[in-house]
Amino acid sequence: MKDIAIGIIGGTGGMGKWFADFLQKEGYPVLVSGRKTRMDIPTMVEKCQVVIVSVPISATREVIEQVGPLMKKESLLMDLTSLKVEPVKSMLRSSVSEVIGLHPLFGSSADSMAGHKIALCPVRAQKWLDWLKDIFIRNGADIIETTPERHDELMGLVQVLNHLNSIAMGMILRESGLDLRELKRFATPMFNTKLAIIEKVFTNNPRLYAELITLNPNIHKIIDRYGKTLSDLKASIDKENTETLMELIKERSIWES
Ligand SMILES: NC(=O)c1ccc[n+]([C@@H]2O[C@H](COP(=O)([O-])OP(=O)(O)OC[C@H]3O[C@@H](n4cnc5c(N)ncnc54)[C@H](OP(=O)(O)O)[C@@H]3O)[C@@H](O)[C@H]2O)c1
């Protein structure tokens with residue numbers, strides 16, 4: 001099946017380029033487009049049996065609505081978006097092709113997909129699903145088949161809560177007025193690990209993190225819960241009572257003690 005041509009819209013950016021390089025190494029002809037490339041969407045769809053959308057989350061729906069109606073029934077439309085409900089809905093609505101939503105649960109700095117997870121939403125998939133899974137399994141990825149709704153619910157914790165927490169901590173560090181070098185001189189190993197994560201969120205791709213948070217359909221539930229938890233913590237600390245805080249930590253632990 002190596003004569004299958006694959007088109008990646010957004011294939012000049014981080015994750016799209018990662019997949020373009022990967023699929024080329026797998027032996028497939030890959031065409032890429034970005035806003036500044038000459039390749040336009042109709043030409044790409046005409047030449048490719050598989051099209052992958054990998055543009056910023058906020059632009060995904062508009063791009064899918066351009067590409068979807070051009071896809072043929074026997075072709076495959078996929079996306080790499082970090083959220084799945086809205087993109088998958090748009091792909092199903094705008095095309096007659098097979099549709100698989102993907103979310104690589106790793107960043108574009110990964111050397112390979114070996115040992116990494118890929119969430120897969122095969123919502124209208126028949127002949128292409130085995131082809132895709134075979135590529136990922138051969139390359140050592142751990143495939144998680146799920147629904148778009150379940151995926152976005154879990155990403156509410158894995159990404160929204162996680163990055164929100166890093167952003168809040170980074171902002172407090174800045175507001176403390178302390179010099180970063182001095183802070184690093186006093187860093188424990190755990191703090192160093194956290195600092196490296198916070199640095200990534202603040203310097204890597206702020207748009208991606210901001211969109212992951214604001215566009216997750218569960219954002220309001222999570223931010224309310226985050227606020228309430230901070231208030232509960234503050235209430236127990238205001239009592240200046242170690243026992244109360246310790247009880248709170250024990251009571252609200254996800255781990256069995
Ligand atoms: N980066 C990651 O670690 C990661 C991990 C998992 C999933 N994802 C997902 O991958 C997708 C892309 O993220 P990214 O980090 O790779 O973004 P990125 O580095 O900013 O790349 C975005 C790509 O989309 C193109 N583009 C931007 N706006 C467009 C538009 N309106 N129409 C057509 N093309 C457009 C860009 O082309 P120009 O630059 O030429 O405009 C570029 O090729 C997102 O949905 C994200 O959730 C990213």
# chains A, B, ... in the order shown; residues from 1 in each chain; ligands from 1

$ select_by_dssp --residues "region 6-172 of chain A" --states "strand (DSSP E or B)" --output "compact mmCIF listing (two decimals) with all heavy atoms, in the first residue's frame"
# COMPACT_ATOMS: atom_id res chain seq x y z
N ILE A 6 -0.25 10.70 0.79
CA ILE A 6 -0.83 11.29 2.00
C ILE A 6 -0.61 12.80 1.99
O ILE A 6 0.51 13.27 1.75
CB ILE A 6 -0.17 10.67 3.26
CG1 ILE A 6 -0.39 9.14 3.26
CG2 ILE A 6 -0.74 11.29 4.54
CD1 ILE A 6 0.41 8.40 4.30
N GLY A 7 -1.68 13.54 2.23
CA GLY A 7 -1.57 15.01 2.27
C GLY A 7 -1.74 15.48 3.70
O GLY A 7 -2.62 15.00 4.42
N ILE A 8 -0.88 16.41 4.12
CA ILE A 8 -1.01 16.95 5.48
C ILE A 8 -1.20 18.47 5.42
O ILE A 8 -0.29 19.21 5.01
CB ILE A 8 0.21 16.59 6.36
CG1 ILE A 8 0.45 15.06 6.34
CG2 ILE A 8 -0.01 17.09 7.80
CD1 ILE A 8 1.55 14.57 7.25
N ILE A 9 -2.40 18.90 5.79
CA ILE A 9 -2.67 20.35 5.86
C ILE A 9 -2.15 20.82 7.20
O ILE A 9 -2.59 20.34 8.25
CB ILE A 9 -4.19 20.63 5.72
CG1 ILE A 9 -4.73 19.99 4.45
CG2 ILE A 9 -4.45 22.13 5.75
CD1 ILE A 9 -6.26 20.00 4.35
N VAL A 30 4.39 12.00 0.56
CA VAL A 30 3.65 12.93 1.42
C VAL A 30 3.67 14.34 0.82
O VAL A 30 4.73 14.85 0.46
CB VAL A 30 4.26 12.96 2.85
CG1 VAL A 30 3.51 13.96 3.73
CG2 VAL A 30 4.21 11.58 3.50
N LEU A 31 2.51 14.94 0.71
CA LEU A 31 2.41 16.33 0.27
C LEU A 31 2.03 17.17 1.49
O LEU A 31 1.18 16.74 2.28
CB LEU A 31 1.32 16.50 -0.79
CG LEU A 31 1.45 15.66 -2.06
CD1 LEU A 31 0.28 15.95 -3.00
CD2 LEU A 31 2.77 15.96 -2.77
N VAL A 32 2.65 18.35 1.63
CA VAL A 32 2.28 19.18 2.79
C VAL A 32 1.81 20.56 2.34
O VAL A 32 2.21 21.05 1.29
CB VAL A 32 3.47 19.36 3.79
CG1 VAL A 32 3.88 18.03 4.37
CG2 VAL A 32 4.62 20.08 3.15
N SER A 33 0.96 21.15 3.16
CA SER A 33 0.57 22.53 2.91
C SER A 33 0.53 23.30 4.21
O SER A 33 0.30 22.73 5.28
CB SER A 33 -0.80 22.60 2.21
OG SER A 33 -1.82 22.36 3.15
N VAL A 50 -5.31 9.84 1.39
CA VAL A 50 -5.42 10.10 2.83
C VAL A 50 -5.07 11.58 3.07
O VAL A 50 -4.04 12.05 2.58
CB VAL A 50 -4.46 9.20 3.63
CG1 VAL A 50 -4.48 9.55 5.12
CG2 VAL A 50 -4.79 7.73 3.42
N VAL A 51 -5.93 12.28 3.80
CA VAL A 51 -5.63 13.68 4.14
C VAL A 51 -5.69 13.85 5.65
O VAL A 51 -6.62 13.37 6.31
CB VAL A 51 -6.62 14.66 3.44
CG1 VAL A 51 -6.38 16.10 3.92
CG2 VAL A 51 -6.48 14.58 1.93
N ILE A 52 -4.66 14.51 6.18
CA ILE A 52 -4.58 14.75 7.63
C ILE A 52 -4.61 16.26 7.89
O ILE A 52 -3.85 17.00 7.27
CB ILE A 52 -3.28 14.15 8.22
CG1 ILE A 52 -3.16 12.65 7.87
CG2 ILE A 52 -3.22 14.35 9.73
CD1 ILE A 52 -1.84 12.01 8.30
N VAL A 53 -5.47 16.68 8.81
CA VAL A 53 -5.53 18.11 9.17
C VAL A 53 -4.74 18.30 10.46
O VAL A 53 -5.00 17.63 11.47
CB VAL A 53 -7.00 18.55 9.36
CG1 VAL A 53 -7.06 20.01 9.84
CG2 VAL A 53 -7.79 18.37 8.07
N LEU A 76 -9.63 8.64 3.08
CA LEU A 76 -9.62 8.74 4.55
C LEU A 76 -9.27 10.16 4.98
O LEU A 76 -8.25 10.71 4.56
CB LEU A 76 -8.58 7.75 5.13
CG LEU A 76 -8.29 7.88 6.64
CD1 LEU A 76 -9.52 7.54 7.47
CD2 LEU A 76 -7.11 6.97 7.03
N LEU A 77 -10.11 10.72 5.84
CA LEU A 77 -9.85 12.04 6.41
C LEU A 77 -9.53 11.87 7.90
O LEU A 77 -10.27 11.20 8.62
CB LEU A 77 -11.09 12.93 6.23
CG LEU A 77 -11.02 14.36 6.79
CD1 LEU A 77 -9.86 15.15 6.17
CD2 LEU A 77 -12.34 15.11 6.53
N MET A 78 -8.40 12.47 8.32
CA MET A 78 -8.01 12.37 9.73
C MET A 78 -7.58 13.75 10.23
O MET A 78 -7.30 14.64 9.45
CB MET A 78 -6.80 11.43 9.89
CG MET A 78 -7.06 10.01 9.44
SD MET A 78 -5.78 8.91 10.07
CE MET A 78 -4.47 9.19 8.91
N ASP A 79 -7.47 13.88 11.54
CA ASP A 79 -6.91 15.11 12.11
C ASP A 79 -6.02 14.72 13.29
O ASP A 79 -6.13 13.60 13.80
CB ASP A 79 -8.02 16.06 12.59
CG ASP A 79 -8.63 15.57 13.89
OD1 ASP A 79 -9.01 14.39 13.94
OD2 ASP A 79 -8.71 16.36 14.85
N GLU A 98 -14.12 7.96 4.82
CA GLU A 98 -13.87 7.38 6.14
C GLU A 98 -13.25 8.47 7.01
O GLU A 98 -12.56 9.37 6.52
CB GLU A 98 -12.95 6.16 6.02
CG GLU A 98 -13.63 5.01 5.31
CD GLU A 98 -12.95 3.66 5.56
OE1 GLU A 98 -12.16 3.51 6.50
OE2 GLU A 98 -13.25 2.73 4.78
N VAL A 99 -13.51 8.38 8.32
CA VAL A 99 -13.03 9.42 9.24
C VAL A 99 -12.41 8.77 10.49
O VAL A 99 -13.04 7.94 11.14
CB VAL A 99 -14.20 10.35 9.68
CG1 VAL A 99 -13.77 11.27 10.83
CG2 VAL A 99 -14.72 11.18 8.51
N ILE A 100 -11.17 9.17 10.79
CA ILE A 100 -10.53 8.73 12.04
C ILE A 100 -9.94 9.96 12.72
O ILE A 100 -9.15 10.69 12.11
CB ILE A 100 -9.42 7.68 11.78
CG1 ILE A 100 -9.99 6.44 11.05
CG2 ILE A 100 -8.76 7.25 13.10
CD1 ILE A 100 -8.96 5.38 10.69
N GLY A 101 -10.33 10.18 13.96
CA GLY A 101 -9.71 11.26 14.72
C GLY A 101 -8.50 10.71 15.46
O GLY A 101 -8.55 9.62 16.02
N LEU A 102 -7.41 11.46 15.43
CA LEU A 102 -6.17 11.02 16.10
C LEU A 102 -5.71 12.09 17.08
O LEU A 102 -5.88 13.27 16.80
CB LEU A 102 -5.02 10.94 15.09
CG LEU A 102 -4.88 9.87 14.06
CD1 LEU A 102 -3.52 10.02 13.41
CD2 LEU A 102 -4.98 8.52 14.72
N HIS A 103 -5.11 11.66 18.16
CA HIS A 103 -4.39 12.61 19.01
C HIS A 103 -3.11 11.95 19.50
O HIS A 103 -3.16 11.08 20.37
CB HIS A 103 -5.25 13.07 20.20
CG HIS A 103 -4.54 14.03 21.10
ND1 HIS A 103 -4.94 14.29 22.38
CD2 HIS A 103 -3.44 14.82 20.89
CE1 HIS A 103 -4.12 15.19 22.92
NE2 HIS A 103 -3.19 15.51 22.04
N PRO A 104 -1.97 12.35 18.92
CA PRO A 104 -0.71 11.81 19.43
C PRO A 104 -0.48 12.39 20.82
O PRO A 104 -0.42 13.62 20.97
CB PRO A 104 0.33 12.35 18.43
CG PRO A 104 -0.42 13.10 17.38
CD PRO A 104 -1.79 13.37 17.87
N LYS A 117 1.87 7.09 23.38
CA LYS A 117 0.47 6.73 23.18
C LYS A 117 -0.16 7.56 22.07
O LYS A 117 0.20 8.73 21.89
CB LYS A 117 -0.32 6.97 24.46
CG LYS A 117 0.17 6.10 25.59
CD LYS A 117 -0.45 6.53 26.88
CE LYS A 117 0.29 5.87 28.03
NZ LYS A 117 0.46 6.73 29.16
N ILE A 118 -1.10 6.94 21.37
CA ILE A 118 -1.88 7.67 20.37
C ILE A 118 -3.35 7.35 20.62
O ILE A 118 -3.75 6.18 20.61
CB ILE A 118 -1.51 7.26 18.92
CG1 ILE A 118 -0.02 7.54 18.66
CG2 ILE A 118 -2.38 8.00 17.91
CD1 ILE A 118 0.45 7.19 17.27
N ALA A 119 -4.14 8.40 20.87
CA ALA A 119 -5.59 8.20 21.04
C ALA A 119 -6.22 8.18 19.65
O ALA A 119 -5.89 8.98 18.79
CB ALA A 119 -6.19 9.31 21.89
N LEU A 120 -7.12 7.21 19.47
CA LEU A 120 -7.69 6.97 18.14
C LEU A 120 -9.22 6.94 18.26
O LEU A 120 -9.76 6.20 19.08
CB LEU A 120 -7.21 5.59 17.70
CG LEU A 120 -6.97 5.29 16.24
CD1 LEU A 120 -5.77 6.09 15.76
CD2 LEU A 120 -6.67 3.81 16.06
N CYS A 121 -9.89 7.76 17.46
CA CYS A 121 -11.37 7.73 17.42
C CYS A 121 -11.81 7.31 16.03
O CYS A 121 -11.99 8.15 15.15
CB CYS A 121 -11.94 9.12 17.75
SG CYS A 121 -11.45 9.77 19.34
N PRO A 122 -11.98 5.99 15.84
CA PRO A 122 -12.33 5.51 14.49
C PRO A 122 -13.85 5.60 14.29
O PRO A 122 -14.55 4.61 14.42
CB PRO A 122 -11.85 4.05 14.49
CG PRO A 122 -11.70 3.69 15.93
CD PRO A 122 -11.84 4.89 16.79
N VAL A 123 -14.35 6.77 13.96
CA VAL A 123 -15.79 7.01 13.97
C VAL A 123 -16.52 6.58 12.69
O VAL A 123 -17.70 6.28 12.72
CB VAL A 123 -16.12 8.50 14.28
CG1 VAL A 123 -15.87 8.81 15.73
CG2 VAL A 123 -15.31 9.42 13.38
N ARG A 124 -15.80 6.60 11.57
CA ARG A 124 -16.37 6.05 10.32
C ARG A 124 -15.22 5.39 9.57
O ARG A 124 -14.68 5.94 8.62
CB ARG A 124 -17.02 7.17 9.49
CG ARG A 124 -17.90 6.63 8.37
CD ARG A 124 -18.87 7.68 7.84
NE ARG A 124 -18.20 8.79 7.20
CZ ARG A 124 -18.66 10.05 7.21
NH1 ARG A 124 -19.78 10.36 7.80
NH2 ARG A 124 -17.97 11.00 6.60
N ASP A 142 1.51 2.87 21.47
CA ASP A 142 0.46 2.26 22.29
C ASP A 142 -0.85 2.94 21.87
O ASP A 142 -1.04 4.13 22.13
CB ASP A 142 0.82 2.54 23.76
CG ASP A 142 -0.24 2.03 24.71
OD1 ASP A 142 -1.18 1.36 24.26
OD2 ASP A 142 -0.11 2.32 25.93
N ILE A 143 -1.72 2.18 21.19
CA ILE A 143 -2.95 2.79 20.66
C ILE A 143 -4.07 2.70 21.69
O ILE A 143 -4.33 1.64 22.25
CB ILE A 143 -3.40 2.05 19.38
CG1 ILE A 143 -2.32 2.20 18.31
CG2 ILE A 143 -4.72 2.59 18.87
CD1 ILE A 143 -2.59 1.35 17.08
N ILE A 144 -4.75 3.83 21.91
CA ILE A 144 -5.91 3.83 22.80
C ILE A 144 -7.13 4.19 21.97
O ILE A 144 -7.26 5.33 21.51
CB ILE A 144 -5.76 4.90 23.92
CG1 ILE A 144 -4.40 4.78 24.60
CG2 ILE A 144 -6.89 4.77 24.93
CD1 ILE A 144 -4.06 6.00 25.45
N GLU A 145 -8.01 3.20 21.75
CA GLU A 145 -9.24 3.50 21.01
C GLU A 145 -10.27 4.06 21.98
O GLU A 145 -10.50 3.49 23.05
CB GLU A 145 -9.77 2.24 20.32
CG GLU A 145 -9.03 1.97 19.03
CD GLU A 145 -9.68 0.90 18.17
OE1 GLU A 145 -10.90 0.96 17.94
OE2 GLU A 145 -8.92 0.00 17.75

$ select_by_dssp --residues "region 15-200 of chain A" --states "helix (DSSP H, G or I)" --output "VMD selection string"
chain A and resid 15 to 25 41 to 47 57 to 70 85 to 94 127 to 138 148 to 175 180 to 185 189 to 200

$ residues_near_ligand --ligand "ligand 1" --cutoff "10 Å" --atoms "only C-alpha atoms and all ligand atoms" --output "MDAnalysis selection string"
chainID A and resid 8:19 32:37 40:41 53:64 66 79:84 87 102:110 118 204:209 211:212

$ residues_around --residues "Gln49 (chain A)" --least-positions-apart "4" --cutoff "8 Å" --atoms "only C-alpha atoms" --output "MDAnalysis selection string"
chainID A and resid 4:6 45 74:76

$ closest_residue --among "A:Val88, A:Gln126, A:Tyr226, A:Ala114" --to "His151 (chain A)" --atoms "only C-alpha atoms"
A:Val88
